[in-house]
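Undergrad: Structure file data-v2.pdb, PDB, C-alpha atoms, is pasted below:
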ATOM      1  CA  PRO A   1      78.293  74.595 107.250
ATOM      2  CA  THR A   2      81.549  76.464 107.429
ATOM      3  CA  ALA A   3      81.920  80.220 107.426
ATOM      4  CA  PRO A   4      83.089  81.754 104.145
ATOM      5  CA  SER A   5      86.776  82.523 104.131
ATOM      6  CA  LEU A   6      87.777  86.164 104.173
ATOM      7  CA  GLU A   7      90.771  86.343 101.937
ATOM      8  CA  GLU A   8      92.685  89.561 101.415
ATOM      9  CA  GLU A   9      92.379  90.956  97.949
ATOM     10  CA  GLU A  10      95.768  91.224  96.294
ATOM     11  CA  ILE A  11      96.362  94.340  94.234
ATOM     12  CA  ILE A  12      98.713  93.739  91.349
ATOM     13  CA  VAL A  13     100.300  96.718  89.621
ATOM     14  CA  ILE A  14     101.119  95.940  86.015
ATOM     15  CA  PRO A  15     104.019  98.148  84.924
ATOM     16  CA  THR A  16     103.282 100.303  81.892
ATOM     17  CA  ALA A  17     105.689 102.368  79.792
ATOM     18  CA  THR A  18     104.608 105.474  81.748
ATOM     19  CA  TYR A  19     105.206 103.691  85.036
ATOM     20  CA  GLU A  20     108.639 102.465  83.925
ATOM     21  CA  ALA A  21     109.556 106.020  82.841
ATOM     22  CA  ALA A  22     108.465 107.306  86.250
ATOM     23  CA  VAL A  23     110.608 104.684  87.968
ATOM     24  CA  VAL A  24     113.624 105.765  85.893
ATOM     25  CA  ALA A  25     112.897 109.396  86.792
ATOM     26  CA  TYR A  26     112.653 108.388  90.447
ATOM     27  CA  HIS A  27     116.070 106.713  90.251
ATOM     28  CA  GLU A  28     117.602 109.768  88.605
ATOM     29  CA  GLU A  29     115.865 112.586  90.469
ATOM     30  CA  ALA A  30     114.777 111.403  93.892
ATOM     31  CA  GLU A  31     117.077 111.526  96.851
ATOM     32  CA  PRO A  32     119.447 108.654  96.037
ATOM     33  CA  GLU A  33     120.111 107.803  99.678
ATOM     34  CA  ILE A  34     116.395 107.154 100.166
ATOM     35  CA  TYR A  35     116.104 104.909  97.124
ATOM     36  CA  PHE A  36     119.202 102.873  97.885
ATOM     37  CA  GLY A  37     117.807 101.303 101.017
ATOM     38  CA  GLY A  38     117.095 104.336 103.173
ATOM     39  CA  TYR A  39     119.518 106.248 105.329
ATOM     40  CA  ASP A  40     120.454 103.314 107.496
ATOM     41  CA  GLY A  41     120.750 100.791 104.667
ATOM     42  CA  GLU A  42     117.441  99.138 105.572
ATOM     43  CA  GLY A  43     114.371  98.814 103.377
ATOM     44  CA  ASP A  44     113.521  99.976  99.888
ATOM     45  CA  SER A  45     111.603 103.243  99.725
ATOM     46  CA  LEU A  46     110.466 102.678  96.150
ATOM     47  CA  GLU A  47     108.776  99.455  97.232
ATOM     48  CA  GLU A  48     107.282 101.272 100.232
ATOM     49  CA  LEU A  49     105.983 104.020  97.918
ATOM     50  CA  ASN A  50     104.464 101.354  95.652
ATOM     51  CA  ASN A  51     102.740  99.865  98.704
ATOM     52  CA  VAL A  52     101.289 103.254  99.696
ATOM     53  CA  MET A  53     100.126 103.888  96.131
ATOM     54  CA  ALA A  54      98.422 100.466  96.079
ATOM     55  CA  LYS A  55      96.880 101.108  99.519
ATOM     56  CA  TYR A  56      95.155 104.260  98.244
ATOM     57  CA  GLU A  57      94.596 102.847  94.737
ATOM     58  CA  VAL A  58      96.685 105.589  93.125
ATOM     59  CA  PRO A  59      97.295 104.768  89.446
ATOM     60  CA  ALA A  60     100.964 103.934  88.821
ATOM     61  CA  GLY A  61     101.098 106.492  86.005
ATOM     62  CA  LEU A  62     100.711 109.284  88.565
ATOM     63  CA  LEU A  63     104.189 108.616  89.981
ATOM     64  CA  ALA A  64     105.706 110.932  87.363
ATOM     65  CA  LYS A  65     103.258 113.675  88.404
ATOM     66  CA  LEU A  66     104.034 113.066  92.061
ATOM     67  CA  LEU A  67     107.730 113.556  91.381
ATOM     68  CA  GLN A  68     106.982 116.989  89.929
ATOM     69  CA  VAL A  69     106.002 118.435  93.319
ATOM     70  CA  LYS A  70     109.697 119.031  93.972
ATOM     71  CA  GLU A  71     109.496 121.876  91.438
ATOM     72  CA  PHE A  72     107.379 123.903  93.857
ATOM     73  CA  GLN A  73     108.795 126.030  96.659
ATOM     74  CA  LEU A  74     105.779 125.452  98.874
ATOM     75  CA  MET A  75     102.537 123.498  99.095
ATOM     76  CA  GLU A  76      99.728 125.503 100.641
ATOM     77  CA  ILE A  77      96.552 123.985 102.045
ATOM     78  CA  ILE A  78      93.613 126.094 103.197
ATOM     79  CA  VAL A  79      91.336 124.215 105.594
ATOM     80  CA  ASP A  80      87.773 125.226 106.369
ATOM     81  CA  ASP A  81      87.562 125.395 110.161
ATOM     82  CA  SER A  82      84.055 126.845 110.290
ATOM     83  CA  GLY A  83      81.306 125.373 112.438
ATOM     84  CA  SER A  84      79.881 123.388 109.522
ATOM     85  CA  MET A  85      82.973 121.162 109.625
ATOM     86  CA  ASN A  86      81.469 119.523 112.744
ATOM     87  CA  CYS A  87      78.819 117.929 110.485
ATOM     88  CA  ARG A  88      79.095 114.247 109.720
ATOM     89  CA  THR A  89      80.366 113.011 106.397
ATOM     90  CA  ASP A  90      79.890 109.704 104.618
ATOM     91  CA  ALA A  91      83.563 108.771 105.098
ATOM     92  CA  LEU A  92      84.415 106.084 107.627
ATOM     93  CA  ASP A  93      87.346 106.304 109.992
ATOM     94  CA  PRO A  94      89.848 103.731 108.649
ATOM     95  CA  ILE A  95      90.724 102.569 112.165
ATOM     96  CA  THR A  96      87.423 102.576 114.060
ATOM     97  CA  GLY A  97      84.990 102.250 111.152
ATOM     98  CA  SER A  98      82.827 105.030 112.606
ATOM     99  CA  ILE A  99      81.524 107.933 110.561
ATOM    100  CA  MET A 100      83.855 110.924 110.635
ATOM    101  CA  SER A 101      83.060 114.596 110.823
ATOM    102  CA  ARG A 102      84.047 116.766 107.865
ATOM    103  CA  TRP A 103      86.789 118.163 110.128
ATOM    104  CA  TRP A 104      88.400 114.795 110.766
ATOM    105  CA  GLU A 105      87.969 113.760 107.145
ATOM    106  CA  ALA A 106      89.959 116.863 106.114
ATOM    107  CA  LYS A 107      92.720 115.865 108.545
ATOM    108  CA  TRP A 108      92.660 112.279 107.262
ATOM    109  CA  ARG A 109      92.968 113.426 103.619
ATOM    110  CA  ILE A 110      95.969 115.593 104.500
ATOM    111  CA  SER A 111      97.521 112.608 106.296
ATOM    112  CA  GLN A 112      97.064 110.483 103.165
ATOM    113  CA  MET A 113      98.751 113.126 101.032
ATOM    114  CA  ILE A 114     101.680 113.368 103.459
ATOM    115  CA  GLU A 115     102.047 109.592 103.434
ATOM    116  CA  LEU A 116     102.560 109.730  99.657
ATOM    117  CA  LEU A 117     104.843 112.786  99.767
ATOM    118  CA  ALA A 118     107.074 111.186 102.398
ATOM    119  CA  TYR A 119     108.756 109.051  99.723
ATOM    120  CA  VAL A 120     109.567 111.757  97.182
ATOM    121  CA  PRO A 121     111.412 115.085  97.300
ATOM    122  CA  ALA A 122     108.693 117.542  98.310
ATOM    123  CA  PRO A 123     108.547 121.177  99.386
ATOM    124  CA  PRO A 124     107.379 122.340 102.819
ATOM    125  CA  ILE A 125     103.637 122.209 103.477
ATOM    126  CA  LYS A 126     101.878 125.188 105.063
ATOM    127  CA  ILE A 127      98.363 124.726 106.389
ATOM    128  CA  TYR A 128      96.164 127.786 106.847
ATOM    129  CA  PHE A 129      92.694 127.893 108.358
ATOM    130  CA  LEU A 130      89.760 130.110 107.418
ATOM    131  CA  ASN A 131      89.218 131.408 110.968
ATOM    132  CA  ARG A 132      92.389 130.708 112.931
ATOM    133  CA  ARG A 133      95.508 132.803 112.740
ATOM    134  CA  ASP A 134      97.919 129.931 113.456
ATOM    135  CA  ILE A 135      99.808 128.449 110.512
ATOM    136  CA  ILE A 136     100.928 124.824 110.559
ATOM    137  CA  SER A 137     104.240 124.137 108.863
ATOM    138  CA  ILE A 138     105.368 120.613 107.982
ATOM    139  CA  GLU A 139     108.731 120.097 106.317
ATOM    140  CA  LYS A 140     110.991 117.093 105.891
ATOM    141  CA  ASN A 141     114.200 117.232 107.864
ATOM    142  CA  SER A 142     117.422 116.462 106.032
ATOM    143  CA  GLY A 143     118.123 112.733 106.257
ATOM    144  CA  GLU A 144     114.734 111.970 107.832
ATOM    145  CA  LEU A 145     113.301 108.548 107.011
ATOM    146  CA  PRO A 146     109.848 108.570 105.388
ATOM    147  CA  SER A 147     108.353 106.663 108.329
ATOM    148  CA  ASP A 148     109.737 109.215 110.812
ATOM    149  CA  TYR A 149     108.441 112.112 108.708
ATOM    150  CA  ILE A 150     104.979 110.537 108.577
ATOM    151  CA  LYS A 151     104.907 110.050 112.376
ATOM    152  CA  ARG A 152     106.104 113.597 113.053
ATOM    153  CA  ALA A 153     103.633 115.111 110.577
ATOM    154  CA  GLU A 154     100.793 113.061 112.063
ATOM    155  CA  SER A 155     101.633 114.370 115.531
ATOM    156  CA  ILE A 156     101.546 117.950 114.234
ATOM    157  CA  LEU A 157      98.217 117.334 112.487
ATOM    158  CA  LEU A 158      96.645 115.726 115.556
ATOM    159  CA  GLY A 159      97.633 118.773 117.600
ATOM    160  CA  ALA A 160      96.199 121.186 115.041
ATOM    161  CA  PHE A 161      92.977 119.257 114.469
ATOM    162  CA  GLY A 162      92.511 118.539 118.191
ATOM    163  CA  ARG A 163      90.931 121.970 118.501
ATOM    164  CA  ASN A 164      87.321 121.853 117.277
ATOM    165  CA  PRO A 165      86.259 124.036 114.361
ATOM    166  CA  GLY A 166      83.966 127.018 114.799
ATOM    167  CA  GLY A 167      83.086 130.300 113.168
ATOM    168  CA  THR A 168      82.083 131.426 109.703
ATOM    169  CA  THR A 169      83.343 130.483 106.254
ATOM    170  CA  PRO A 170      85.408 133.446 104.944
ATOM    171  CA  ALA A 171      86.612 131.550 101.859
ATOM    172  CA  LEU A 172      87.029 134.554  99.553
ATOM    173  CA  GLU A 173      89.302 136.319 102.042
ATOM    174  CA  ALA A 174      91.415 133.172 102.467
ATOM    175  CA  ILE A 175      91.812 132.711  98.709
ATOM    176  CA  GLU A 176      92.737 136.385  98.236
ATOM    177  CA  ALA A 177      95.327 136.110 101.033
ATOM    178  CA  SER A 178      96.802 132.982  99.433
ATOM    179  CA  LEU A 179      97.059 134.666  96.056
ATOM    180  CA  SER A 180      98.757 137.712  97.557
ATOM    181  CA  ARG A 181     101.248 135.488  99.442
ATOM    182  CA  ASN A 182     102.098 133.430  96.389
ATOM    183  CA  GLY A 183     101.319 135.821  93.533
TER
END
Take the structure in this file and express it as structure tokens.
TA:
Amino acid sequence: PTAPSLEEEEIIVIPTATYEAAVVAYHEEAEPEIYFGGYDGEGDSLEELNNVMAKYEVPAGLLAKLLQVKEFQLMEIIVDDSGSMNCRTDALDPITGSIMSRWWEAKWRISQMIELLAYVPAPPIKIYFLNRRDIISIEKNSGELPSDYIKRAESILLGAFGRNPGGTTPALEAIEASLSRNG
């Protein structure tokens, strides 16, 4: 008997009217030098964005919503860095297949979000922690390719999440501080 073949599943995105409208908006509103083959004339960022959206099974209709992030001055993320974040989660590390801690799952989810944001005009991202005083800032550089932004952001995140979580969970204080910063 032969072993069953392991074929890759192909994800096909069927364009809808909403998707087509989002593509038109992308052409009109996104950084034109990114869409027209990137800064060095290589590649097609819209196709790369489609690939990332398929990878994470993001519905094509959400592209229009994703393009709206450019309307914000800042994206703020508050991460729980209390001791409970050392607990295991049910999420598997996409590279090793091992079970992640809640801490590393939080980092992984932020990485996924940055991978999507790399292809659209997006505001700076500020990451605050419940217990730490350090603030992580991630912002696209002018003319930076999406792939370079993703690599740079990942390096920043690995540095920030390399320090293990510990302490209490002062969520109310963190939310109040966020509201006063952005109120």
Undergrad: Give me, as a PyMOL selection string, all polymer residues having an atom no more than 10 Å from Thr168 of chain A, counting all atoms listed in the file and skipping those fewer than 5 positions away in the same chain.
TA: chain A and resi 80-84+130-131
Undergrad: So, with all atoms listed in the file as the atoms that count, which of A:Ala122, A:Ile127, A:Ala160, A:Leu116 lies closest to Tyr56 of chain A?
TA: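 Counting all atoms listed in the file, the residue closest to Tyr56 of chain A is A:Leu116.
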Undergrad: Looking at A:Thr16, A:Glu105, A:Ser180, A:Pro123, which one is nearest to Pro59 of chain A, with distances taken over only C-alpha atoms?
TA: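 Smallest distance to Pro59 of chain A is found for A:Thr16.
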Undergrad: Show me, as a PyMOL selection string, the residues that have an atom within 12 Å of Phe72 of chain A when counting only C-alpha atoms, minus same-chain residues fewer than 4 positions from it.
TA: chain A and resi 66-68+76+121-125+182
Undergrad: Using the chain letters and numbers from the file, give me the residues hit by the PyMOL selection byres ((chain A and resi 102) around 7), as a list of chain:residue names.
TA: A:Met85, A:Asn86, A:Cys87, A:Arg88, A:Thr89, A:Met100, A:Ser101, A:Trp103, A:Trp104, A:Glu105, A:Ala106
Undergrad: Using all atoms listed in the file, which residue out of A:Val69, A:Ala153, A:Leu92, A:Ala171 lies closest to Tyr128 of chain A?
TA: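 Closest residue, counting all atoms listed in the file: A:Ala171.
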Undergrad: Please, which residues are within 8 Å of (109.3, 107.5, 103.1) by the file's coordinates, counting all atoms listed in the file, and could they come as a PDB file with C-alpha atoms, in the frame of the given file?
TA:
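part-v3.pdb, written as the output of this step:
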ATOM      1  CA  ILE A  34     116.395 107.154 100.166  1.00  0.00           C
ATOM      2  CA  SER A  45     111.603 103.243  99.725  1.00  0.00           C
ATOM      3  CA  GLU A  48     107.282 101.272 100.232  1.00  0.00           C
ATOM      4  CA  LEU A  49     105.983 104.020  97.918  1.00  0.00           C
ATOM      5  CA  GLU A 115     102.047 109.592 103.434  1.00  0.00           C
ATOM      6  CA  LEU A 116     102.560 109.730  99.657  1.00  0.00           C
ATOM      7  CA  LEU A 117     104.843 112.786  99.767  1.00  0.00           C
ATOM      8  CA  ALA A 118     107.074 111.186 102.398  1.00  0.00           C
ATOM      9  CA  TYR A 119     108.756 109.051  99.723  1.00  0.00           C
ATOM     10  CA  VAL A 120     109.567 111.757  97.182  1.00  0.00           C
ATOM     11  CA  LEU A 145     113.301 108.548 107.011  1.00  0.00           C
ATOM     12  CA  PRO A 146     109.848 108.570 105.388  1.00  0.00           C
ATOM     13  CA  SER A 147     108.353 106.663 108.329  1.00  0.00           C
ATOM     14  CA  ASP A 148     109.737 109.215 110.812  1.00  0.00           C
ATOM     15  CA  TYR A 149     108.441 112.112 108.708  1.00  0.00           C
ATOM     16  CA  ILE A 150     104.979 110.537 108.577  1.00  0.00           C
TER      17      ILE A 150
END
